[in-house]
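Engineer: This is my_file.csv (CSV, C-alpha atoms and all ligand atoms).
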```csv
chain,number,residue,atom,x,y,z
S,1,MET,CA,-97.4,31.5,-0.8
S,2,THR,CA,-94.4,29.5,0.5
S,3,SER,CA,-94.7,25.8,0.4
S,4,SER,CA,-93.7,23.7,3.4
S,5,PRO,CA,-90.4,21.9,3.1
S,6,THR,CA,-90.5,18.3,2.3
S,7,LEU,CA,-89.0,15.7,4.7
S,8,ASP,CA,-86.0,15.3,2.4
S,9,GLU,CA,-85.4,19.0,2.5
S,10,LEU,CA,-85.6,19.1,6.3
S,11,ALA,CA,-83.2,16.2,6.5
S,12,ASP,CA,-80.8,18.0,4.1
S,13,ARG,CA,-81.0,21.2,6.3
S,14,ALA,CA,-80.3,19.2,9.5
S,15,LEU,CA,-77.2,17.6,7.8
S,16,ALA,CA,-76.0,21.0,6.7
S,17,ALA,CA,-76.4,22.5,10.1
S,18,ARG,CA,-74.5,19.5,11.7
S,19,ASP,CA,-71.7,19.9,9.2
S,20,ALA,CA,-71.5,23.7,9.5
S,21,ALA,CA,-68.3,24.8,11.2
S,22,VAL,CA,-68.8,25.7,14.8
S,23,TYR,CA,-67.9,29.3,15.5
S,24,GLY,CA,-64.2,29.5,16.2
S,25,HIS,CA,-63.6,25.8,15.6
S,26,ASP,CA,-60.2,26.6,14.1
S,27,ALA,CA,-59.2,29.4,16.6
S,28,LEU,CA,-56.9,29.0,19.5
S,29,ILE,CA,-58.9,31.6,21.5
S,30,THR,CA,-62.6,31.8,21.1
S,31,CYS,CA,-64.8,34.3,22.9
S,32,ASP,CA,-68.4,33.8,21.9
S,33,ARG,CA,-70.9,36.4,23.2
S,34,LEU,CA,-69.0,36.7,26.4
S,35,VAL,CA,-70.7,38.6,29.2
S,36,ARG,CA,-69.3,39.6,32.6
S,37,ILE,CA,-71.5,41.5,35.0
S,38,PHE,CA,-70.0,42.8,38.3
S,39,SER,CA,-72.4,43.6,41.2
S,40,ALA,CA,-71.1,46.0,43.8
S,41,ASP,CA,-73.3,47.7,46.4
S,42,GLY,CA,-76.5,46.7,44.5
S,43,VAL,CA,-75.2,48.3,41.3
S,44,GLU,CA,-74.6,46.1,38.3
S,45,VAL,CA,-71.8,46.9,35.9
S,46,GLN,CA,-71.8,45.1,32.5
S,47,ALA,CA,-68.1,45.0,31.9
S,48,LEU,CA,-68.4,42.6,28.9
S,49,GLN,CA,-71.6,42.8,26.9
S,50,GLY,CA,-71.5,39.9,24.4
S,51,LEU,CA,-67.9,40.1,23.2
S,52,ASP,CA,-66.8,38.0,20.2
S,53,LEU,CA,-63.2,37.5,19.5
S,54,LEU,CA,-61.2,34.8,17.6
S,55,VAL,CA,-57.4,34.6,17.8
S,56,ARG,CA,-55.6,32.0,15.7
S,57,GLU,CA,-52.6,30.0,16.6
S,58,GLY,CA,-49.3,32.0,16.2
S,59,GLU,CA,-50.9,35.4,16.1
S,60,LEU,CA,-49.3,38.4,17.8
S,61,MET,CA,-52.1,40.9,18.4
S,62,ALA,CA,-52.9,44.0,20.4
S,63,LEU,CA,-56.1,44.9,22.2
S,64,VAL,CA,-56.9,48.6,22.6
S,65,GLY,CA,-59.7,50.6,24.1
S,66,ALA,CA,-60.7,53.5,26.3
S,67,SER,CA,-60.4,53.2,30.1
S,68,GLY,CA,-63.2,51.1,31.4
S,69,SER,CA,-64.0,49.4,28.1
S,70,GLY,CA,-63.4,45.9,29.5
S,71,LYS,CA,-59.9,45.0,28.4
S,72,SER,CA,-58.6,43.9,31.8
S,73,THR,CA,-61.9,42.0,32.5
S,74,LEU,CA,-61.3,40.0,29.3
S,75,MET,CA,-57.7,39.4,30.2
S,76,ASN,CA,-58.6,38.1,33.6
S,77,ILE,CA,-61.1,35.7,32.2
S,78,LEU,CA,-58.6,34.5,29.5
S,79,ALA,CA,-56.0,34.1,32.3
S,80,GLY,CA,-58.3,31.8,34.2
S,81,LEU,CA,-58.4,34.3,37.2
S,82,ASP,CA,-62.1,35.2,36.7
S,83,ARG,CA,-65.2,33.5,35.3
S,84,PRO,CA,-67.6,34.9,32.7
S,85,THR,CA,-71.2,35.4,33.7
S,86,ALA,CA,-72.5,34.1,30.4
S,87,GLY,CA,-71.3,33.2,26.9
S,88,ALA,CA,-68.4,30.9,26.0
S,89,ALA,CA,-64.7,31.3,26.3
S,90,ARG,CA,-62.3,28.6,25.0
S,91,VAL,CA,-58.5,28.7,25.0
S,92,ALA,CA,-56.4,25.8,23.5
S,93,GLY,CA,-59.4,23.4,24.0
S,94,HIS,CA,-60.1,24.5,27.6
S,95,ASP,CA,-63.7,25.6,28.3
S,96,LEU,CA,-63.1,28.6,30.7
S,97,PHE,CA,-66.7,28.5,31.8
S,98,ALA,CA,-66.9,24.9,32.9
S,99,MET,CA,-63.4,24.3,34.4
S,100,SER,CA,-63.2,22.9,37.9
S,101,ALA,CA,-60.9,24.7,40.4
S,102,ARG,CA,-58.3,22.0,39.9
S,103,GLU,CA,-58.4,22.3,36.1
S,104,ARG,CA,-58.2,26.1,36.5
S,105,LEU,CA,-55.0,25.8,38.5
S,106,ALA,CA,-53.4,23.5,35.9
S,107,TYR,CA,-54.6,25.8,33.1
S,108,ARG,CA,-52.9,28.8,34.8
S,109,ARG,CA,-49.7,26.9,35.3
S,110,GLU,CA,-49.4,25.2,31.9
S,111,THR,CA,-51.6,26.7,29.2
S,112,VAL,CA,-51.3,30.4,29.7
S,113,GLY,CA,-48.5,32.7,30.7
S,114,PHE,CA,-49.1,36.3,31.7
S,115,VAL,CA,-47.1,39.5,32.1
S,116,TRP,CA,-48.7,42.4,34.0
S,117,GLN,CA,-47.8,46.0,34.1
S,118,GLN,CA,-46.6,46.0,37.7
S,119,THR,CA,-43.4,44.1,38.3
S,120,ALA,CA,-44.5,43.1,41.8
S,121,ARG,CA,-47.2,41.0,40.2
S,122,ASN,CA,-44.7,39.3,37.9
S,123,LEU,CA,-41.6,38.6,40.0
S,124,LEU,CA,-40.9,37.5,43.5
S,125,PRO,CA,-38.6,40.1,45.1
S,126,TYR,CA,-36.5,37.7,47.2
S,127,LEU,CA,-35.7,35.4,44.3
S,128,THR,CA,-33.0,36.0,41.6
S,129,ALA,CA,-34.1,36.2,38.0
S,130,ALA,CA,-33.0,32.6,37.3
S,131,GLN,CA,-34.9,31.4,40.4
S,132,ASN,CA,-38.0,33.3,39.4
S,133,VAL,CA,-38.0,31.5,36.0
S,134,ALA,CA,-37.3,28.1,37.6
S,135,LEU,CA,-40.2,28.5,40.1
S,136,PRO,CA,-43.1,27.8,37.7
S,137,LEU,CA,-41.2,24.7,36.4
S,138,GLN,CA,-41.0,23.4,39.9
S,139,LEU,CA,-44.7,24.2,40.7
S,140,ALA,CA,-45.8,22.4,37.5
S,141,ARG,CA,-43.6,19.4,38.5
S,142,SER,CA,-41.9,19.4,35.1
S,143,ARG,CA,-39.7,16.5,34.4
S,144,GLY,CA,-36.0,16.8,35.2
S,145,GLY,CA,-34.4,18.0,38.4
S,146,ARG,CA,-32.9,21.3,39.6
S,147,ARG,CA,-30.2,21.2,36.9
S,148,ALA,CA,-32.7,20.8,34.1
S,149,ARG,CA,-34.7,23.7,35.5
S,150,ALA,CA,-31.7,25.9,35.8
S,151,GLU,CA,-30.8,25.1,32.1
S,152,ARG,CA,-34.3,25.9,30.9
S,153,ALA,CA,-34.2,29.2,32.9
S,154,LEU,CA,-30.9,30.2,31.4
S,155,GLU,CA,-32.1,29.2,27.9
S,156,LEU,CA,-35.1,31.6,28.2
S,157,LEU,CA,-33.1,34.4,29.8
S,158,THR,CA,-30.6,34.1,26.9
S,159,LEU,CA,-33.4,34.3,24.3
S,160,LEU,CA,-34.6,37.5,26.0
S,161,GLU,CA,-31.1,38.9,26.2
S,162,VAL,CA,-31.0,39.1,30.0
S,163,ALA,CA,-28.8,36.1,30.8
S,164,ASP,CA,-26.3,38.4,32.4
S,165,CYS,CA,-28.9,39.4,35.0
S,166,ARG,CA,-29.6,35.8,36.1
S,167,ASP,CA,-28.2,36.2,39.6
S,168,ARG,CA,-29.8,39.5,40.3
S,169,ARG,CA,-33.0,40.2,42.3
S,170,PRO,CA,-35.8,42.3,40.8
S,171,HIS,CA,-34.7,45.5,42.6
S,172,GLN,CA,-31.3,45.2,41.0
S,173,LEU,CA,-32.8,45.2,37.5
S,174,SER,CA,-34.0,48.1,35.3
S,175,GLY,CA,-37.7,48.3,34.4
S,176,GLY,CA,-37.0,46.9,30.9
S,177,GLN,CA,-34.9,44.0,32.3
S,178,GLN,CA,-37.6,43.2,34.8
S,179,GLN,CA,-40.2,42.9,32.1
S,180,ARG,CA,-38.0,40.7,30.0
S,181,VAL,CA,-37.4,38.4,33.0
S,182,ALA,CA,-41.1,38.5,33.6
S,183,LEU,CA,-41.6,37.3,30.0
S,184,ALA,CA,-39.1,34.4,30.7
S,185,VAL,CA,-41.1,33.5,33.8
S,186,ALA,CA,-44.4,33.5,31.8
S,187,LEU,CA,-42.8,31.2,29.1
S,188,ALA,CA,-41.2,28.8,31.5
S,189,ASN,CA,-43.8,26.0,31.1
S,190,GLY,CA,-44.1,26.6,27.3
S,191,PRO,CA,-47.7,28.0,27.4
S,192,ALA,CA,-49.8,28.0,24.2
S,193,VAL,CA,-50.9,31.6,24.9
S,194,LEU,CA,-49.1,34.6,26.4
S,195,LEU,CA,-51.3,37.4,27.8
S,196,ALA,CA,-49.8,40.8,28.6
S,197,ASP,CA,-51.7,43.6,30.2
S,198,GLU,CA,-50.0,47.0,29.6
S,199,PRO,CA,-46.5,45.3,29.8
S,200,THR,CA,-44.8,48.5,28.6
S,201,GLY,CA,-47.0,50.9,30.6
S,202,GLU,CA,-44.4,51.9,33.1
S,203,LEU,CA,-41.5,52.2,30.7
S,204,ASP,CA,-40.0,55.1,28.7
S,205,SER,CA,-40.6,54.8,25.0
S,206,HIS,CA,-37.1,53.5,24.1
S,207,THR,CA,-37.3,50.8,26.8
S,208,ALA,CA,-40.9,50.0,25.8
S,209,GLU,CA,-39.7,49.4,22.2
S,210,GLN,CA,-37.0,47.0,23.4
S,211,VAL,CA,-39.6,45.0,25.5
S,212,PHE,CA,-42.0,44.9,22.6
S,213,THR,CA,-39.1,43.6,20.4
S,214,ALA,CA,-38.7,40.8,23.0
S,215,PHE,CA,-42.4,39.9,22.6
S,216,ARG,CA,-42.0,39.8,18.9
S,217,THR,CA,-38.9,37.5,19.2
S,218,VAL,CA,-40.9,35.1,21.4
S,219,ASN,CA,-43.7,35.1,18.8
S,220,GLU,CA,-41.4,34.4,15.9
S,221,GLU,CA,-38.9,32.1,17.6
S,222,LEU,CA,-41.2,30.0,19.8
S,223,GLY,CA,-44.5,30.4,17.8
S,224,THR,CA,-46.3,31.5,21.0
S,225,THR,CA,-49.7,33.1,20.4
S,226,ILE,CA,-49.6,36.6,22.1
S,227,VAL,CA,-52.3,39.0,23.1
S,228,ILE,CA,-51.1,42.4,24.4
S,229,VAL,CA,-53.4,45.0,26.0
S,230,THR,CA,-51.8,48.4,25.3
S,231,HIS,CA,-52.3,52.1,25.3
S,232,ASP,CA,-49.0,52.5,23.6
S,233,GLN,CA,-49.6,53.6,20.0
S,234,SER,CA,-46.1,52.5,18.9
S,235,VAL,CA,-46.9,48.9,20.1
S,236,ALA,CA,-50.4,48.9,18.6
S,237,GLY,CA,-49.0,50.3,15.3
S,238,GLU,CA,-46.4,47.5,15.0
S,239,VAL,CA,-48.5,44.4,15.2
S,240,ARG,CA,-50.4,42.9,12.3
S,241,ARG,CA,-53.7,43.0,14.1
S,242,THR,CA,-55.1,45.5,16.5
S,243,VAL,CA,-58.6,44.9,17.9
S,244,ALA,CA,-60.5,47.7,19.6
S,245,ILE,CA,-62.9,47.1,22.5
S,246,ARG,CA,-65.7,49.6,23.1
S,247,ASP,CA,-68.3,49.3,25.8
S,248,GLY,CA,-67.5,45.6,26.5
S,249,ARG,CA,-67.6,44.5,22.8
S,250,THR,CA,-65.1,44.2,20.0
S,251,SER,CA,-65.8,47.1,17.7
S,252,THR,CA,-63.2,47.6,15.0
S,253,GLU,CA,-60.1,45.9,13.9
S,254,VAL,CA,-57.0,47.2,12.1
S,255,LEU,CA,-55.1,44.7,9.9
S,256,ARG,CA,-51.6,45.6,8.6
S,257,ARG,CA,-49.8,43.8,5.8
S,258,SER,CA,-46.6,44.3,3.9
S,259,GLU,CA,-46.9,45.5,0.4
S,260,VAL,CA,-44.0,45.9,-2.0
S,261,ASP,CA,-44.0,49.2,-4.0
S,262,SER,CA,-43.7,48.1,-7.6
S,263,ALA,CA,-41.8,51.3,-8.6
S,264,THR,CA,-39.3,51.5,-5.8
S,265,GLY,CA,-39.2,47.9,-4.6
S,266,GLN,CA,-39.6,49.2,-1.0
S,267,GLU,CA,-41.7,47.2,1.5
S,268,ASN,CA,-44.4,49.2,3.2
S,269,LEU,CA,-46.8,48.3,6.0
S,270,VAL,CA,-50.3,49.0,4.8
S,271,ALA,CA,-53.1,49.4,7.4
S,272,ARG,CA,-56.8,48.9,6.8
S,273,GLU,CA,-59.6,49.3,9.3
S,274,TYR,CA,-62.5,46.8,9.6
S,275,ALA,CA,-65.7,46.7,11.6
S,276,MET,CA,-66.8,43.5,13.3
S,277,LEU,CA,-70.0,41.8,12.1
S,278,ASP,CA,-71.5,39.5,14.6
S,279,ARG,CA,-73.5,36.4,13.8
S,280,ALA,CA,-76.8,38.3,14.2
S,281,GLY,CA,-75.6,40.7,11.5
S,282,ARG,CA,-75.0,43.5,14.0
S,283,LEU,CA,-72.3,46.0,12.9
S,284,GLN,CA,-70.8,48.7,15.1
S,285,LEU,CA,-69.7,51.8,13.2
S,286,PRO,CA,-66.7,53.7,14.5
S,287,ALA,CA,-67.8,56.6,16.7
S,288,GLU,CA,-65.9,59.1,14.6
S,289,TYR,CA,-67.6,58.0,11.4
S,290,ILE,CA,-71.0,58.4,13.1
S,291,ARG,CA,-70.1,61.9,14.4
S,292,ALA,CA,-68.6,63.0,11.1
S,293,LEU,CA,-71.9,62.4,9.3
S,294,GLY,CA,-74.2,63.3,12.2
S,295,MET,CA,-75.8,59.9,12.2
S,296,ARG,CA,-78.3,58.8,14.9
S,297,ASP,CA,-81.2,56.5,15.5
S,298,ARG,CA,-81.6,55.3,11.9
S,299,VAL,CA,-79.5,55.1,8.8
S,300,ALA,CA,-80.4,54.4,5.1
S,301,LEU,CA,-79.0,51.2,3.6
S,302,GLU,CA,-78.5,50.2,0.0
S,303,LEU,CA,-77.3,46.9,-1.2
S,304,GLU,CA,-75.0,47.2,-4.2
S,305,PRO,CA,-73.5,44.2,-6.1
S,306,ASP,CA,-70.3,44.2,-4.1
S,307,HIS,CA,-70.9,46.5,-1.1
S,308,ILE,CA,-73.5,48.1,1.2
S,309,THR,CA,-73.9,51.9,1.4
S,310,VAL,CA,-74.8,53.4,4.8
S,311,ARG,CA,-76.1,57.0,4.6
S,312,PRO,CA,-77.5,59.4,7.2
S,313,ASP,CA,-81.3,59.0,7.5
S,314,ASP,CA,-82.9,61.2,4.7
S,315,ALA,CA,-86.5,60.1,5.2
S,316,GLN,CA,-89.0,62.8,6.0
S,317,ASP,CA,-90.8,61.7,9.1
S,318,SER,CA,-94.5,62.3,8.4
S,401,LIG,N1,-64.3,43.8,40.4
S,401,LIG,C1,-65.1,44.8,39.9
S,401,LIG,N2,-66.2,45.2,40.5
S,401,LIG,C2,-67.1,46.1,39.9
S,401,LIG,N3,-66.8,46.7,38.7
S,401,LIG,C3,-65.7,46.3,38.1
S,401,LIG,C4,-64.8,45.3,38.6
S,401,LIG,N4,-63.8,45.2,37.7
S,401,LIG,C5,-64.1,46.0,36.6
S,401,LIG,N5,-65.2,46.7,36.9
S,401,LIG,C6,-65.9,47.7,36.0
S,401,LIG,O1,-66.0,47.0,34.7
S,401,LIG,C7,-65.7,48.0,33.6
S,401,LIG,C8,-64.5,47.5,32.8
S,401,LIG,O2,-63.4,47.5,33.6
S,401,LIG,P1,-61.9,47.0,33.0
S,401,LIG,O3,-61.0,47.1,34.2
S,401,LIG,O4,-62.1,45.7,32.4
S,401,LIG,O5,-61.6,48.2,31.9
S,401,LIG,P2,-60.3,48.4,31.2
S,401,LIG,O6,-60.6,48.6,29.7
S,401,LIG,O7,-59.2,47.4,31.5
S,401,LIG,O8,-59.8,49.9,31.7
S,401,LIG,P3,-58.3,50.5,32.0
S,401,LIG,O9,-57.7,50.7,30.7
S,401,LIG,O10,-58.6,51.7,32.8
S,401,LIG,O11,-57.6,49.4,32.8
S,401,LIG,C9,-65.5,49.3,34.3
S,401,LIG,O12,-66.7,50.0,34.3
S,401,LIG,C10,-65.0,48.9,35.7
S,401,LIG,O13,-65.4,49.9,36.7
```
Starting from the coordinates I provided, produce the structure as structure tokens.
Structural biologist:
Amino acid sequence: MTSSPTLDELADRALAARDAAVYGHDALITCDRLVRIFSADGVEVQALQGLDLLVREGELMALVGASGSGKSTLMNILAGLDRPTAGAARVAGHDLFAMSARERLAYRRETVGFVWQQTARNLLPYLTAAQNVALPLQLARSRGGRRARAERALELLTLLEVADCRDRRPHQLSGGQQQRVALAVALANGPAVLLADEPTGELDSHTAEQVFTAFRTVNEELGTTIVIVTHDQSVAGEVRRTVAIRDGRTSTEVLRRSEVDSATGQENLVAREYAMLDRAGRLQLPAEYIRALGMRDRVALELEPDHITVRPDDAQDS
């Protein structure tokens, strides 16, 4: 028989619950059981089905997933262009669920920057590269006049190695140059977070690598936190953290770290795959693992001192 807790024990529990860290309290981006349901012609699509994601300040991470898994839906919510149906999403202290229209506009101008796959969405065709970068500064009414804005634009274009293109319009730039100018536009107001949806999707592999290098430079030199949605394996393979989305939820995560080979002294990047464990204890096993062992419906679990074994169901149904 279990005895009822004493009043002192209840008080201790209440204090412990109050002091327990809130989920994502130290993250720059927190998605907590995020849900987005679209209704079209009486049909409901659950694009996000309780997605959890934490991104810490200064990270450069990639999001991958099959077509229709919910990547763009998540990016649109983080960009402040769409609202979640349920759950919580916080970016740099802003509650994306509760923001007013005015706050949402200021958030899009000052807190997040975005680079999309299509140039037409990133740059205005009738403005030069420098004017495109100066425009968000003007809209955000940043301090300083036209000259200060021009200086800031040139500073960013120089960092991204496209200063020589400053007086050209988008159609006079190569695809890679356009994306680097787009990156400068996104950074104009010094956002805390940079979001990029397939930024190298329309580029050949050599140019894609140069553009990705530009993202890395921004992350290292300016400390900007960057989330890139990509199908490009070479991009996903070069970041320290790649999170996979499956059916509207984060499913697995690959972390890479440098290890020095003690024999040769050479530095190698070592990758390790992790599964996400949500706060209810739910774990999503990678589809290929499930297929390889023919698992379905039920699995056998065993708790060992330092790990848990998951085996195909071996019970005889009687
Ligand atoms: N505005 C919308 N109305 C109805 N359904 C939508 C809408 N936007 C997205 N969806 C649906 O939500 C699901 C997730 O779509 P989403 O665009 O986020 O996927 P994705 O992972 O970005 O795919 P892709 O890699 O092809 O861009 C899909 O089933 C899609 O059809």
Engineer: Counting all atoms listed in the file, what are the residues, protein, DNA or RNA alike, that approach ligand LIG 401 (chain S) to within 10 Å? I want them as an MDAnalysis selection string.
Structural biologist: chainID S and resid 36:41 43:48 63:76 82 197:198 229:231 245:248
Engineer: So what do you get for atom CA of Val254 of chain S versus atom CA of Leu222 of chain S, distance-wise?
Structural biologist: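 Distance between the two atoms: 24.6 Å.
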Engineer: Hey, can you check how far atom CA of Val260 of chain S sits from atom CA of Glu238 of chain S?
Structural biologist: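 Spanning atom CA of Val260 of chain S to atom CA of Glu238 of chain S is a straight-line distance of 17.2 Å.
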Engineer: At a cut-off of 9 Å, can you tabulate as CSV every residue of segment 117-207 of chain S near segment 96-112 of chain S together with its closest atom pair and the distance in Å to one decimal, using all atoms listed in the file and ordering rows by chain then number?
Structural biologist:
```
residue,atom,partner,partner_atom,distance
S:Pro136,CA,S:Arg109,CA,7.1
S:Leu137,CA,S:Arg109,CA,8.8
S:Leu139,CA,S:Arg109,CA,7.8
S:Ala140,CA,S:Arg109,CA,6.3
S:Ala186,CA,S:Val112,CA,7.9
S:Leu187,CA,S:Val112,CA,8.6
S:Ala188,CA,S:Glu110,CA,9.0
S:Asn189,CA,S:Glu110,CA,5.7
S:Gly190,CA,S:Glu110,CA,7.2
S:Pro191,CA,S:Thr111,CA,4.5
S:Ala192,CA,S:Thr111,CA,5.5
S:Val193,CA,S:Val112,CA,5.0
S:Leu194,CA,S:Val112,CA,5.8
S:Leu195,CA,S:Val112,CA,7.3
```
Engineer: Report, in Å with one decimal, the straight-line distance from atom CA of Val211 of chain S to atom CA of Thr119 of chain S.
Structural biologist: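 Atom CA of Thr119 of chain S lies at a distance of 13.4 Å from atom CA of Val211 of chain S.
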Engineer: When you count all atoms listed in the file, which of these residues is closest to Arg241 of chain S: S:Gly87, S:Ala62, S:Arg13, S:Leu157?
Structural biologist: S:Ala62
Engineer: Just checking: using only C-alpha atoms, which residue out of S:Thr200, S:Gln118, S:Ser262, S:Thr252 ends up closest to Tyr289 of chain S?
Structural biologist: S:Thr252
Engineer: Give as a PyMOL selection string every residue, naming chains and numbers as the document does, that has an atom within 12 Å of (-36.1, 47.4, 22.3), counting only C-alpha atoms.
Structural biologist: chain S and resi 160-161+176-177+179-180+200+203-217+234-235
Engineer: Between S:Ala244, S:Ala130, S:Leu301, S:Ile290, which has the minimum distance to Glu273 of chain S (counting only C-alpha atoms)?
Structural biologist: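 Of the candidates, the smallest distance to Glu273 of chain S is held by S:Ala244.
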Engineer: Return the single residue from S:Ile228, S:Val310, S:Leu10, S:Leu269 that is closest to Glu59 of chain S, with distances computed using only C-alpha atoms.
Structural biologist: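 Nearest candidate to Glu59 of chain S out of S:Ile228, S:Val310, S:Leu10, S:Leu269: S:Ile228.
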Engineer: Give the answer as one residue: which of S:Arg149, S:Phe114, S:Gln138, S:Leu127 has the shortest atom-to-atom distance to Gln172 of chain S, using all atoms listed in the file?
Structural biologist: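 Ranked by minimum distance to Gln172 of chain S, first place goes to S:Leu127.
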Engineer: Can you work out which one of S:Ala79, S:Val133, S:Val35, S:Val299 has the shortest atom-to-atom distance to Ala196 of chain S, counting only C-alpha atoms?
Structural biologist: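 Ranking S:Ala79, S:Val133, S:Val35, S:Val299 by distance to Ala196 of chain S, first place goes to S:Ala79.
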Engineer: Would you pick out the contacts of Arg296 of chain S at 9 Å or less, using all atoms listed in the file, so that residues sharing its chain but fewer than 5 positions from it are not included, and give the list as a PyMOL selection string?
Structural biologist: chain S and resi 290-291+312-313
